[in-house]
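Report on the following structure.
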Amino acid sequence: MVKESKNFIEIIIDQDLEQGFDPADLCFRFPPEPNGYLHVGHVKAIVLNFELAKKYKAKINLRFDDTNPENEDQKYIDAIKENISWLGYSWDKECYASDYFQQLYDWSVQLISEDKAYVDSQSSEEIANQKGTPTEPGKNSPYRDRPTHESLSIFNDMKNGKSSPGQHVLRAKVDMSSPNMLMRDPVIYRVLDASHPRTKTDWVIFPMYDWTHGESDYIEQVSHSLCTLEFKPHRDLYNWFLDQVVDPKKIRPKQREFARLNLSHTITSKRKLLFLVESKIVEGWDDPRMPTISGLKRRGYSPEALKNFVKSAGVAKRDNIIEMSLLEFCVREDLNKKCNRMMVVQEPVKITITNLENGYNETLVVENNPEDPNAGSREMLFTKTILIERSDFMIDPPKKFFRLSVGNEVRLKGAYIIKANEVLLNENQAVTEILCTYDPKSKSGSGSEESKRKVKGTLHWVSSEKNTKVTIREYDRLFAHPSPGQFPTDKLHSILNKDSMSVHTGHAELALSKSKPGDSFQFQRKGYYIADKDSSEELLVFNKTVSLRDNWKNKHK
RNA sequence: UGGCCUAUGGUGUAACUGGCAACACGUCUGGUUUUGGUCCAGAAGAGUCUAGGUUCGAUCCCUAGUAGGCCAACCA
């Protein structure tokens with residue numbers, strides 16, 4: 001399985017434990033903002049937190065960081081919960097930052113009373129101008145020394161809807177000359193004219209992230225609050241806010257930061273993902289090319305594969321870009337064990353077996369999965385005319401071509417050995433039909449001497465008389481660039497892979513027609529495919545998850 | 001011209017907080033195989049950003065550089 005060496009977070013936790021922290025007090029949380037769909041980057045945060053909870057037998061909350069109603073929606077809350085459950089995790093408590101609005105408000109009043117917060121009545125531009133730059137200190141707001149009772153009164157008016165958005169904000173009184181820009185009197189409350197998915201219009205003032213997050217951790221008694229590296233500068237503020245309210249007898253949460261996961265050839269910015277959806281570059285949030293959990297699921301990636309992927313990627317503090325090949329390895333590894341095999345011919349060429357009478361048909365029994373003895377077997381129909389993959393025959397084969405050519409033998413998987421005797425071509429010299437003879441004694445599994453005969457190639461095939469047509473959608477990377485994340489949204493178009501999706505027709509063995517959306521198969525010698533929700537009674541639609549490893553193709557490219 | 005973080009094979013992560021760098025993916029051989037899949041065996045590939053220092057000994061500690069990242073939203 002995955003390596004057992006500890007990551008730096010586990011080392012920190014173990015140290016805390018050694019120093020006397022009660023293991024029963026360990027508590028984690030996964031805190032998404034419900035303003036979009038979860039993606040592969042979130043999978044890392046989910047797995048990190050939930051696996052930590054599992055390992056240390058600790059509690060873990062799912063907390064929606066719903067402090068900005070402008071882009072938040074109940075549909076995202078629902079989708080996020082569904083995604084996490086699909087990954088196989090369950091949380092102890094389902095929490096909402098909005099449930100703490102009253103507490104946060106009360107604490108804010110306390111802050112004002114203690115002269116640690118004030119109402120600023122300047123515009124956001126004015127406030128920004130006074131903020132200084134990373135190299136120059138900021139200037140105090142003219143409202144910084146506004147009398148406490150005045151701030152208290154305006155803040156109360158804000159809460160009661162008596163001020164419009166932008167008119168006043170509440171700011172923490174920290175340090176306008178701090179080298180950390182976040183400490184320069186951060187805004188902690190603003191007035192917003194938007195209906196919140198949960199509190200609706202009960203509240204018109206909304207707490208900012210920094211003021212909310214640490215206090216929410218504290219309210220929930222989260223012991224280790226894990227977030228990504230870009231929040232490192234927020235840690236000072238996180239601690240400052242905690243200092244204002246913390247009861248020393250309670251658990252004081254600790255923020256620690258890890259590097260986010262970046263996957264080569266894909267983007268994980270919610271804004272850019274939204275752009276792909278809105279500009280119709282993809283067909284929706286669950287388009288199989290999307291790195292969203294819903295997209296990954298629809299593409300055919302299993303929860304186990306995804307979890308194993310982020311576990312093998314590890315947790316550290318440096319920026320990284322993980323190669324797609326690792327993800328692909330993880331899916332193949334998982335699917336290889338679990339998927340039944342099926343035969344599907346995509347670009348067919350007809351074979352006629354000349355030493356079989358017209359109308360011949362024989363039912364063969366074929367094993368479902370050589371990796372799983374319990375997977376059983378299925379029946380396949382063998383007839384006088386069959387279909388093989390056009391690429392499995394060559395008129396003028398190169399030296400190490402193990403497949404069919406005139407004068408050569410191959411085995412039809414689960415059936416007989418055939419030999420090609422003659423090719424029929426059309427006026428364009430394209431192959432229209434291959435005439436073969438079969439070796440009747442070579443039947444698979446018959447136990448005869450001939451059935452064990454070795455031939456270099458084995459082909460998948462399907463009866464040309466009895467098969468079922470299916471639609472196959474093949475996907476490729478969405479971007480031609482290995483790190484599309486570095487491009488701004490308006491440049492994304494220029495690095496798009498125009499051929500990221502193609503649609504084909506496949507000729508499948510009859511057994512496949514029983515599949516239901518969500519069923520995954522290995523199409524023998526091709527790859528892994530999952531039946532899509534777009535399937536109908538008449539026509540099954542499959543999405544290609546990933547191809548099989550292919551040494552032959554690699555060498556000949 | 002501020003603060004903080006990071007720096008190990010192509011990629012990612014390790015190395016018992018000082019004892020001449022390991023694992024996985026990828027690549028390349030060979031074997032097995034009724035999937036050019038799987039499986040098995042093996043190989044190549046870094047001497048740990050640079051320069052000093054401490055030490056018998058440094059990927060690990062110190063100093064100074066260099067490179068990359070993050071921070072100036074009434075976003076999270």
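Labels for the structure tokens follow display order: chains A, B, ..., residues from 1 in each chain, ligands from 1.
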At most 12 Å is the cut-off: for each residue in chain B with any atom that close to an atom of chain A, write down the nearest atom pair and the distance in Å rounded to one decimal, counting only C-alpha atoms (C1' of nucleotides), chain first then increasing number, as CSV.
```
residue,atom,partner,partner_atom,distance
B:U1,C1',A:Thr135,CA,7.0
B:G2,C1',A:Thr135,CA,4.1
B:G3,C1',A:Pro179,CA,5.1
B:C4,C1',A:Pro233,CA,6.6
B:C5,C1',A:Lys232,CA,7.8
B:U6,C1',A:Arg318,CA,5.3
B:A7,C1',A:Arg318,CA,8.2
B:G10,C1',A:Glu323,CA,10.1
B:U11,C1',A:Glu323,CA,5.9
B:G12,C1',A:Ala313,CA,5.6
B:U13,C1',A:Gly314,CA,5.8
B:A14,C1',A:Ser5,CA,7.2
B:A15,C1',A:Ser5,CA,10.0
B:C16,C1',A:Ser5,CA,10.7
B:U17,C1',A:Ile11,CA,11.0
B:A22,C1',A:Lys3,CA,11.5
B:C23,C1',A:Lys3,CA,7.6
B:A24,C1',A:Ser312,CA,7.2
B:C25,C1',A:Leu326,CA,5.1
B:G26,C1',A:Ser325,CA,7.3
B:U27,C1',A:Asn554,CA,11.1
B:C28,C1',A:Lys555,CA,11.2
B:U33,C1',A:Lys454,CA,10.4
B:U34,C1',A:Lys413,CA,5.7
B:U35,C1',A:Arg525,CA,4.9
B:G36,C1',A:Trp552,CA,5.2
B:G37,C1',A:Leu548,CA,6.2
B:U38,C1',A:Glu371,CA,7.5
B:C39,C1',A:Glu371,CA,10.1
B:G68,C1',A:Asp319,CA,8.8
B:G69,C1',A:Asp319,CA,7.2
B:C70,C1',A:Glu230,CA,5.4
B:C71,C1',A:Pro233,CA,6.5
B:A72,C1',A:Thr133,CA,5.1
B:A73,C1',A:Ala128,CA,9.6
B:C74,C1',A:Arg190,CA,5.3
B:C75,C1',A:Asn68,CA,7.8
B:A76,C1',A:Tyr209,CA,6.3
```
Open item on the list: Run DSSP on the backbone and tell me which residues of region 199-429 of chain A come out as strand (DSSP E); list them as number ranges by chain.
Closed with: A: 205-207, 224-228, 254-258, 340-342, 344-345, 348-353, 361-367, 377-383, 385-389, 409-412, 417-425
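Note that CA of Ile9 (chain A) and C1' of C60 (chain B) are 18.4 Å apart.
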Task: Non-local contacts of Ala172 (chain A) (6 Å; only C-alpha atoms (C1' of nucleotides); under 5 positions in same chain excluded) as a ChimeraX atom specification - done: /A:116-117,185-186
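Once Asp287 (chain A) and its same-chain neighbours fewer than 5 positions away are set aside, Val277, Val282, Thr292, Ser294, Gly295, Leu296, Arg298 and Arg299 of chain A remain within 9 Å of it when counting only C-alpha atoms (C1' of nucleotides).
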- [ ] Mind the document's chain letters and residue numbers, and return as a PyMOL selection string the residues of region 303-350 of chain A that DSSP labels helix (DSSP H, G or I).
- [x] chain A and resi 303-313+324-338
Open item on the list: I want to know what sits within 9 Å of region 42-54 of chain B, based on only C-alpha atoms (C1' of nucleotides), with residues of the same chain fewer than 5 positions away left out; could you give that as a VMD selection string?
Closed with: chain B and resid 7 to 10 20 to 21 27 to 30 59 61 to 67
- [ ] Could you give me, as an NGL selection string, the residues within 12 Å of region 243-245 of chain A, counting only C-alpha atoms (C1' of nucleotides) and dropping anything in the same chain fewer than 2 positions from it?
- [x] :A and (103-104 or 106-117 or 172-174 or 211 or 214-216 or 218-219 or 236-241 or 247-253)
Save the residues we just selected, N, CA and C atoms, as a compact mmCIF listing (two decimals), in the first residue's frame?
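Full text of selection.txt as output:
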```txt
# COMPACT_ATOMS: atom_id res chain seq x y z
N GLN A 103 -22.86 34.66 17.91
CA GLN A 103 -21.69 34.63 18.78
C GLN A 103 -20.60 35.58 18.25
N LEU A 104 -20.41 35.53 16.94
CA LEU A 104 -19.41 36.38 16.31
C LEU A 104 -19.76 37.87 16.50
N ASP A 106 -21.60 39.08 18.99
CA ASP A 106 -21.40 39.41 20.40
C ASP A 106 -19.93 39.66 20.70
N TRP A 107 -19.08 38.81 20.14
CA TRP A 107 -17.65 39.00 20.36
C TRP A 107 -17.16 40.32 19.73
N SER A 108 -17.77 40.68 18.63
CA SER A 108 -17.38 41.93 17.97
C SER A 108 -17.72 43.13 18.84
N VAL A 109 -18.90 43.04 19.46
CA VAL A 109 -19.31 44.12 20.36
C VAL A 109 -18.30 44.22 21.51
N GLN A 110 -17.91 43.07 21.98
CA GLN A 110 -16.90 43.02 23.05
C GLN A 110 -15.59 43.68 22.59
N LEU A 111 -15.19 43.35 21.36
CA LEU A 111 -13.97 43.92 20.80
C LEU A 111 -14.04 45.45 20.75
N ILE A 112 -15.19 45.95 20.31
CA ILE A 112 -15.35 47.41 20.24
C ILE A 112 -15.26 47.99 21.65
N SER A 113 -15.95 47.36 22.57
CA SER A 113 -15.95 47.86 23.94
C SER A 113 -14.55 47.90 24.54
N GLU A 114 -13.74 46.93 24.10
CA GLU A 114 -12.36 46.89 24.62
C GLU A 114 -11.41 47.73 23.80
N ASP A 115 -11.97 48.53 22.90
CA ASP A 115 -11.18 49.40 22.04
C ASP A 115 -10.26 48.60 21.12
N LYS A 116 -10.72 47.44 20.72
CA LYS A 116 -9.92 46.62 19.79
C LYS A 116 -10.57 46.52 18.42
N ALA A 117 -11.63 47.28 18.25
CA ALA A 117 -12.28 47.33 16.93
C ALA A 117 -13.00 48.66 16.81
N ALA A 172 -10.79 45.58 12.88
CA ALA A 172 -10.06 45.26 14.10
C ALA A 172 -8.93 46.26 14.23
N LYS A 173 -8.65 46.67 15.46
CA LYS A 173 -7.58 47.64 15.69
C LYS A 173 -6.32 46.85 16.03
N VAL A 174 -5.52 46.62 15.00
CA VAL A 174 -4.32 45.82 15.25
C VAL A 174 -3.07 46.68 15.11
N TRP A 211 -11.93 36.70 10.61
CA TRP A 211 -12.64 36.82 11.88
C TRP A 211 -13.49 35.59 12.16
N GLY A 214 -11.01 31.19 12.57
CA GLY A 214 -10.40 30.74 13.81
C GLY A 214 -11.41 30.64 14.94
N GLU A 215 -12.36 31.60 14.95
CA GLU A 215 -13.35 31.58 16.03
C GLU A 215 -14.28 30.36 15.87
N SER A 216 -14.55 30.01 14.62
CA SER A 216 -15.38 28.82 14.38
C SER A 216 -14.64 27.57 14.84
N TYR A 218 -12.52 27.48 17.14
CA TYR A 218 -12.54 27.54 18.60
C TYR A 218 -13.89 27.09 19.16
N ILE A 219 -14.95 27.57 18.55
CA ILE A 219 -16.30 27.19 18.99
C ILE A 219 -16.48 25.68 18.90
N ASP A 236 -0.94 34.77 11.83
CA ASP A 236 -0.77 35.80 12.86
C ASP A 236 -2.13 36.37 13.29
N LEU A 237 -2.94 36.62 12.29
CA LEU A 237 -4.24 37.20 12.56
C LEU A 237 -5.15 36.18 13.26
N TYR A 238 -5.07 34.97 12.77
CA TYR A 238 -5.83 33.85 13.37
C TYR A 238 -5.54 33.82 14.86
N ASN A 239 -4.27 33.91 15.20
CA ASN A 239 -3.88 33.87 16.61
C ASN A 239 -4.30 35.12 17.36
N TRP A 240 -4.19 36.28 16.70
CA TRP A 240 -4.58 37.52 17.35
C TRP A 240 -6.07 37.48 17.73
N PHE A 241 -6.88 37.02 16.79
CA PHE A 241 -8.32 36.94 17.06
C PHE A 241 -8.62 35.96 18.19
N ASP A 247 -10.60 31.07 26.14
CA ASP A 247 -10.64 30.71 27.55
C ASP A 247 -9.52 29.68 27.74
N PRO A 248 -8.56 29.97 28.60
CA PRO A 248 -7.39 29.08 28.71
C PRO A 248 -7.74 27.65 29.13
N LYS A 249 -8.93 27.46 29.62
CA LYS A 249 -9.31 26.10 30.02
C LYS A 249 -9.80 25.28 28.83
N LYS A 250 -10.01 25.97 27.71
CA LYS A 250 -10.51 25.25 26.53
C LYS A 250 -9.39 25.01 25.53
N ILE A 251 -9.70 24.19 24.54
CA ILE A 251 -8.71 23.89 23.50
C ILE A 251 -8.49 25.12 22.63
N ARG A 252 -7.23 25.43 22.43
CA ARG A 252 -6.93 26.54 21.55
C ARG A 252 -6.48 25.96 20.21
N PRO A 253 -7.28 26.17 19.16
CA PRO A 253 -6.94 25.57 17.86
C PRO A 253 -5.63 26.12 17.29
```
Open item on the list: I'd like the contact shell of Phe521 (chain A) - 7 Å cut-off, only C-alpha atoms (C1' of nucleotides), skipping same-chain residues fewer than 4 positions apart - returned as a PyMOL selection string.
Closed with: chain A and resi 339-342+528-530
Selected residues, C-alpha atoms, written as a PDB file, in the first residue's frame, please.
```
ATOM      1  CA  CYS A 339     -13.564  -4.540 -13.541  1.00  0.00           C
ATOM      2  CA  ASN A 340     -14.945  -7.313 -15.628  1.00  0.00           C
ATOM      3  CA  ARG A 341     -13.532  -7.568 -19.103  1.00  0.00           C
ATOM      4  CA  MET A 342     -15.584  -7.081 -22.247  1.00  0.00           C
ATOM      5  CA  TYR A 528     -11.303   1.171 -18.800  1.00  0.00           C
ATOM      6  CA  TYR A 529     -14.725   2.546 -19.608  1.00  0.00           C
ATOM      7  CA  ILE A 530     -17.735   3.536 -17.563  1.00  0.00           C
TER       8      ILE A 530
END
```
